[in-house]
Amino acid sequence: QFLMDMIDTTTDLGKGMISMYHKYDALRFSGYIQPQFQLAEAKGIETYAAGNFGTRVNNRFLLRRGRIRVDYERYNKDDMPVIKFAFQFDGTERGVAIRDFYGRFFETKFNLFSLAAGMFARPFGYEVNLSSADRETPERGRMSQILMRTERDLGAMVSFEPRRKGHPLSFLKIDAGLFNGQGLTSTADFDSHKDFIGRIGIKPQRIKGTNYIVSGGVSVLYGGMEQFTQYINRMGTVNDKPGFVVDSAVTN
Amino acid sequence: QFLMDMIDTTTDLGKGMISMYHKYDALRFSGYIQPQFQLAEAKGIETYAAGNFGTRVNNRFLLRRGRIRVDYERYNKDDMPVIKFAFQFDGTERGVAIRDFYGRFFETKFNLFSLAAGMFARPFGYEVNLSSADRETPERGRMSQILMRTERDLGAMVSFEPRRKGHPLSFLKIDAGLFNGQGLTSTADFDSHKDFIGRIGIKPQRIKGTNYIVSGGVSVLYGGMEQFTQYINRMGTVNDKPGFVVDSAVTN
Amino acid sequence: QFLMDMIDTTTDLGKGMISMYHKYDALRFSGYIQPQFQLAEAKGIETYAAGNFGTRVNNRFLLRRGRIRVDYERYNKDDMPVIKFAFQFDGTERGVAIRDFYGRFFETKFNLFSLAAGMFARPFGYEVNLSSADRETPERGRMSQILMRTERDLGAMVSFEPRRKGHPLSFLKIDAGLFNGQGLTSTADFDSHKDFIGRIGIKPQRIKGTNYIVSGGVSVLYGGMEQFTQYINRMGTVNDKPGFVVDSAVTN
């Protein structure tokens, strides 16, 4: 069900067309609705994920999230996953949009690697990948909301995660992917620069002889936006205080 | 599966995050498509629910409604409902939007009350709550179309409706809720004023010794739009005929 | 489940409201996701189905297609189809829209004819009706992409296709329909002119005594856009070369 080929104008490096067949035992429907009543301290305040209040509004009902999701997974005769698809829609009074829309292939020789492609959560940190159903609070922390708006991005990712029980490295999970960068905040990429995002995680491990469990991870995001003017703002010193200094060399 | 807590900027009075688990026996899919061919008496006429005709158009094919709906209900061991979710999408050539998107909790001590929250039909009158599948005509009457555009609104509602068979008040149904007011005609509330909508209904009752069945209901909508100017238009007398009189006192 | 009636302002010639009941054995879910990485020869190039590249962009991840589809079919006791519905959504980072949204009725007296109404693929040629799952390439040829953007159109179509095994005309398939013309490229029809599209097809037939299989078809599209100005451009001779000649007679 893989099609790898060239089409004229644009060269398609990695393109896959993936079909999902109906097979009820592996098809899963899930969803949740998060209705809210919000009361603000003042009219027209700015807020985060659900959008600012109207100029004259200090209280409102809203659907913060309305998610409906279809998951499809296929296993081989060793009960190892072969393929997985996720389709998630977000429907609110503000419109209908996609959230997760991706396919994932699992190699079944070593049962170690997988390749995901499409729209899915950036593999950065712990909270960004923790779904609403598992979090202690309905919203992620401010840092995640500001730096990783809507969490997902369009890209492709290779993952290392032993799937056989008792594998010596089964405590380890490594993700590394390339992403557009704009996520769901825009309908298309803004520049040719792609973001590299990677994460090495250690799954919860009990410290021998104690009841303590430790877990951890290190993430990297090497991305950015291309600049299309000759003006570069750099942090420097302005009137003896830190501030932006403009470098306007024509060669920029 | 209830999360009730405070988040910083805005105080969330009533917020619930509700998860739907897959359980096939309680999951129901339904849908319908309503394709139309319309022939107008003149080009560019104004019409109701399906939108005006284009300036040069007097006939057209359209999808009046294209609905697909997922319902999920969970019952306890007494066969009394505990929770219900509805997700309904409307897909036409004009776009994809939500229709019903709500959750409903049923208390199971008395099996009398329930609480609904999200986007659902306003509890006003008989016709507004009568779905396309049950109505005699594809469209609701003009009054419903004008006063209750798209019928649904964002809010929360408490209902009284005995669910045990043989309850002495099982002929009665009472709904009372608070709503934003804008429904699906806008993506956010316009003012801080909420609409109260309530209804007391008597279910169909046979008059003893006859074949007559009676049923009835009384509804109230106490709402409105806040006014953000100093000009108030009131019905009065203009040139000896009824008309609007403007009150422009600065104190308004 | 058929409602045929008149409503005031506009005369509804052919209107049907069709309800789909849940019946799991006849309900089918299918879907596919087509993630792509595209590398262009230059920045900002124009391209086809997936949209032009941004001014400064020569490579990008995108979801070319993200389809989820619900099909519902009902058969009578002779195993002949009675009714069929298709609901297909396309979800990408560019938005959520409908693709196929139609109902189809099969007459069960002769089991020859059927009537489809809604949004469905134009019955023109071979490739336009060949779905992504069956094509040799992810994209249709340029001609189909240019002349039949998104392939579907809003309309109604009568089809002749023998459904009983061994029918003497079972090699034949005839479709004839009327369509708006704008398909999914606009939210409403632009003019009152409807397109007639028809096709007569011969299904694959083995030539007797050989291993050759032949198949063929003839299609017609008689459509157009109404012109709302007095200027008509016609092919003629300009400076001894072919070119457009403007006819600006006021009577046009």
# chains A, B, ... in the order shown; residues from 1 in each chain; ligands from 1
call {"tool": "interface_residues", "arguments": {"of": "chain A", "to": "chain B", "cutoff": "8 Å", "atoms": "only C-alpha atoms", "output": "JSON, numbers by chain"}}
result
{"A": [28, 29, 30, 31, 32, 33, 34, 35, 36, 37, 38, 39, 40, 41, 47, 54, 56, 57, 58, 59, 60, 61, 62, 63, 66, 68, 91, 92, 93, 94, 95, 96, 133, 137, 138]}
call {"tool": "residues_around", "arguments": {"residues": "Leu115 (chain B)", "least_positions_apart": "2", "cutoff": "6 Å", "atoms": "only C-alpha atoms", "output": "list in words"}}
result
Arg104, Phe105, Met157 and Val158 of chain B
call {"tool": "select_by_dssp", "arguments": {"residues": "region 6-133 of chain A", "states": "strand (DSSP E)", "output": "PyMOL selection string"}}
result
chain A and resi 10-15+18-20+27-40+59-75+81-92+95-106+113-121
call {"tool": "residues_around", "arguments": {"residues": "Phe244 (chain C)", "least_positions_apart": "2", "cutoff": "7 Å", "atoms": "only C-alpha atoms", "output": "list in words"}}
result
Asn233, Arg234, Met235, Gly236 and Val246 of chain C
call {"tool": "write_last_selection", "arguments": {"atoms": "C-alpha atoms", "output": "compact mmCIF listing (two decimals), in the first residue's frame"}}
result
# COMPACT_ATOMS: atom_id res chain seq x y z
CA ASN C 233 -14.26 36.87 -26.68
CA ARG C 234 -14.23 34.59 -29.68
CA MET C 235 -11.31 32.86 -31.39
CA GLY C 236 -10.53 34.73 -34.61
CA VAL C 246 -13.82 40.94 -28.75
call {"tool": "residues_around", "arguments": {"residues": "Lys109 (chain A)", "least_positions_apart": "4", "cutoff": "12 Å", "atoms": "only C-alpha atoms", "output": "PyMOL selection string"}}
result
chain A and resi 76+78+80-82+113-114+162-164
call {"tool": "write_last_selection", "arguments": {"atoms": "N, CA, C and O atoms", "output": "PDB file, in the first residue's frame"}}
result
ATOM      1  N   ASN A  76       0.741  -7.978  13.599  1.00  0.00           N
ATOM      2  CA  ASN A  76       1.088  -9.204  12.877  1.00  0.00           C
ATOM      3  C   ASN A  76       0.833 -10.418  13.770  1.00  0.00           C
ATOM      4  O   ASN A  76       0.344 -10.289  14.895  1.00  0.00           O
ATOM      5  N   ASP A  78       2.733 -12.190  15.473  1.00  0.00           N
ATOM      6  CA  ASP A  78       3.470 -12.182  16.746  1.00  0.00           C
ATOM      7  C   ASP A  78       2.914 -11.131  17.704  1.00  0.00           C
ATOM      8  O   ASP A  78       3.566 -10.797  18.698  1.00  0.00           O
ATOM      9  N   MET A  80       2.819  -8.043  17.238  1.00  0.00           N
ATOM     10  CA  MET A  80       3.613  -6.825  17.181  1.00  0.00           C
ATOM     11  C   MET A  80       2.910  -5.836  16.240  1.00  0.00           C
ATOM     12  O   MET A  80       2.385  -6.232  15.195  1.00  0.00           O
ATOM     13  N   PRO A  81       2.885  -4.555  16.589  1.00  0.00           N
ATOM     14  CA  PRO A  81       2.204  -3.593  15.724  1.00  0.00           C
ATOM     15  C   PRO A  81       2.909  -3.451  14.387  1.00  0.00           C
ATOM     16  O   PRO A  81       4.142  -3.499  14.316  1.00  0.00           O
ATOM     17  N   VAL A  82       2.136  -3.293  13.342  1.00  0.00           N
ATOM     18  CA  VAL A  82       2.672  -3.152  11.993  1.00  0.00           C
ATOM     19  C   VAL A  82       2.397  -1.742  11.481  1.00  0.00           C
ATOM     20  O   VAL A  82       3.238  -1.100  10.870  1.00  0.00           O
ATOM     21  N   PHE A 113      12.208   0.014  15.736  1.00  0.00           N
ATOM     22  CA  PHE A 113      12.055   1.324  15.114  1.00  0.00           C
ATOM     23  C   PHE A 113      10.646   1.527  14.567  1.00  0.00           C
ATOM     24  O   PHE A 113       9.932   0.570  14.261  1.00  0.00           O
ATOM     25  N   SER A 114      10.285   2.791  14.448  1.00  0.00           N
ATOM     26  CA  SER A 114       9.039   3.118  13.762  1.00  0.00           C
ATOM     27  C   SER A 114       9.210   4.461  13.078  1.00  0.00           C
ATOM     28  O   SER A 114      10.073   5.267  13.459  1.00  0.00           O
ATOM     29  N   PRO A 162      12.012  -0.227  22.059  1.00  0.00           N
ATOM     30  CA  PRO A 162      11.881  -1.692  21.993  1.00  0.00           C
ATOM     31  C   PRO A 162      10.453  -2.118  22.318  1.00  0.00           C
ATOM     32  O   PRO A 162       9.856  -1.651  23.295  1.00  0.00           O
ATOM     33  N   ARG A 163       9.909  -2.974  21.477  1.00  0.00           N
ATOM     34  CA  ARG A 163       8.520  -3.394  21.669  1.00  0.00           C
ATOM     35  C   ARG A 163       8.411  -4.819  22.214  1.00  0.00           C
ATOM     36  O   ARG A 163       7.343  -5.220  22.656  1.00  0.00           O
ATOM     37  N   ARG A 164       9.507  -5.578  22.171  1.00  0.00           N
ATOM     38  CA  ARG A 164       9.471  -6.924  22.756  1.00  0.00           C
ATOM     39  C   ARG A 164       9.705  -6.826  24.253  1.00  0.00           C
ATOM     40  O   ARG A 164      10.564  -6.081  24.704  1.00  0.00           O
TER      41      ARG A 164
END
call {"tool": "decode", "arguments": {"residues": "region 183-204 of chain B", "atoms": "N, CA, C and O atoms", "output": "mmCIF file, in the first residue's frame"}}
result
data_model
loop_
_atom_site.group_PDB
_atom_site.id
_atom_site.type_symbol
_atom_site.label_atom_id
_atom_site.label_comp_id
_atom_site.auth_asym_id
_atom_site.auth_seq_id
_atom_site.Cartn_x
_atom_site.Cartn_y
_atom_site.Cartn_z
ATOM 1 N N GLY B 183 -25.499 31.438 19.718
ATOM 2 C CA GLY B 183 -25.658 30.167 19.028
ATOM 3 C C GLY B 183 -24.540 29.881 18.065
ATOM 4 O O GLY B 183 -23.370 30.116 18.373
ATOM 5 N N LEU B 184 -24.897 29.379 16.897
ATOM 6 C CA LEU B 184 -23.879 29.081 15.885
ATOM 7 C C LEU B 184 -23.734 30.202 14.870
ATOM 8 O O LEU B 184 -23.118 30.030 13.827
ATOM 9 N N THR B 185 -24.318 31.378 15.171
ATOM 10 C CA THR B 185 -24.239 32.467 14.203
ATOM 11 C C THR B 185 -22.963 33.277 14.358
ATOM 12 O O THR B 185 -22.688 34.157 13.566
ATOM 13 N N SER B 186 -22.194 32.989 15.385
ATOM 14 C CA SER B 186 -20.954 33.720 15.619
ATOM 15 C C SER B 186 -20.004 32.778 16.343
ATOM 16 O O SER B 186 -20.422 31.769 16.912
ATOM 17 N N THR B 187 -18.727 33.102 16.340
ATOM 18 C CA THR B 187 -17.762 32.195 16.961
ATOM 19 C C THR B 187 -17.528 32.506 18.430
ATOM 20 O O THR B 187 -16.819 31.774 19.104
ATOM 21 N N ALA B 188 -18.114 33.582 18.947
ATOM 22 C CA ALA B 188 -17.919 33.899 20.361
ATOM 23 C C ALA B 188 -19.057 34.780 20.831
ATOM 24 O O ALA B 188 -19.791 35.369 20.032
ATOM 25 N N ASP B 189 -19.215 34.854 22.161
ATOM 26 C CA ASP B 189 -20.280 35.671 22.709
ATOM 27 C C ASP B 189 -19.967 37.138 22.465
ATOM 28 O O ASP B 189 -18.824 37.575 22.439
ATOM 29 N N PHE B 190 -21.030 37.913 22.299
ATOM 30 C CA PHE B 190 -20.934 39.321 21.929
ATOM 31 C C PHE B 190 -20.931 40.204 23.167
ATOM 32 O O PHE B 190 -20.344 41.264 23.197
ATOM 33 N N ASP B 191 -21.612 39.746 24.204
ATOM 34 C CA ASP B 191 -21.713 40.548 25.422
ATOM 35 C C ASP B 191 -21.648 39.634 26.643
ATOM 36 O O ASP B 191 -21.571 38.422 26.525
ATOM 37 N N SER B 192 -21.659 40.257 27.821
ATOM 38 C CA SER B 192 -21.559 39.481 29.056
ATOM 39 C C SER B 192 -22.913 38.988 29.531
ATOM 40 O O SER B 192 -23.009 38.257 30.513
ATOM 41 N N HIS B 193 -23.956 39.409 28.831
ATOM 42 C CA HIS B 193 -25.301 39.066 29.220
ATOM 43 C C HIS B 193 -25.625 37.643 28.759
ATOM 44 O O HIS B 193 -25.432 37.307 27.612
ATOM 45 N N LYS B 194 -26.112 36.815 29.660
ATOM 46 C CA LYS B 194 -26.487 35.455 29.277
ATOM 47 C C LYS B 194 -28.003 35.345 29.160
ATOM 48 O O LYS B 194 -28.733 36.061 29.845
ATOM 49 N N ASP B 195 -28.456 34.453 28.301
ATOM 50 C CA ASP B 195 -29.894 34.227 28.128
ATOM 51 C C ASP B 195 -30.364 33.125 29.066
ATOM 52 O O ASP B 195 -29.721 32.069 29.148
ATOM 53 N N PHE B 196 -31.486 33.371 29.738
ATOM 54 C CA PHE B 196 -32.134 32.292 30.483
ATOM 55 C C PHE B 196 -33.242 31.724 29.608
ATOM 56 O O PHE B 196 -34.083 32.471 29.090
ATOM 57 N N ILE B 197 -33.226 30.416 29.420
ATOM 58 C CA ILE B 197 -34.294 29.763 28.664
ATOM 59 C C ILE B 197 -34.838 28.619 29.502
ATOM 60 O O ILE B 197 -34.068 27.838 30.067
ATOM 61 N N GLY B 198 -36.152 28.551 29.610
ATOM 62 C CA GLY B 198 -36.759 27.487 30.403
ATOM 63 C C GLY B 198 -38.028 26.971 29.741
ATOM 64 O O GLY B 198 -38.633 27.651 28.904
ATOM 65 N N ARG B 199 -38.388 25.783 30.117
ATOM 66 C CA ARG B 199 -39.593 25.188 29.540
ATOM 67 C C ARG B 199 -40.179 24.180 30.520
ATOM 68 O O ARG B 199 -39.441 23.394 31.123
ATOM 69 N N ILE B 200 -41.506 24.238 30.683
ATOM 70 C CA ILE B 200 -42.220 23.213 31.439
ATOM 71 C C ILE B 200 -43.150 22.523 30.463
ATOM 72 O O ILE B 200 -43.961 23.178 29.806
ATOM 73 N N GLY B 201 -42.992 21.232 30.327
ATOM 74 C CA GLY B 201 -43.796 20.509 29.348
ATOM 75 C C GLY B 201 -44.561 19.364 29.978
ATOM 76 O O GLY B 201 -44.089 18.724 30.919
ATOM 77 N N ILE B 202 -45.770 19.147 29.461
ATOM 78 C CA ILE B 202 -46.587 18.002 29.870
ATOM 79 C C ILE B 202 -46.554 17.014 28.719
ATOM 80 O O ILE B 202 -46.927 17.367 27.588
ATOM 81 N N LYS B 203 -46.121 15.820 28.967
ATOM 82 C CA LYS B 203 -46.047 14.837 27.884
ATOM 83 C C LYS B 203 -47.439 14.361 27.493
ATOM 84 O O LYS B 203 -48.392 14.506 28.263
ATOM 85 N N PRO B 204 -47.576 13.796 26.301
ATOM 86 C CA PRO B 204 -48.907 13.395 25.818
ATOM 87 C C PRO B 204 -49.671 12.534 26.839
ATOM 88 O O PRO B 204 -49.151 11.535 27.332
#
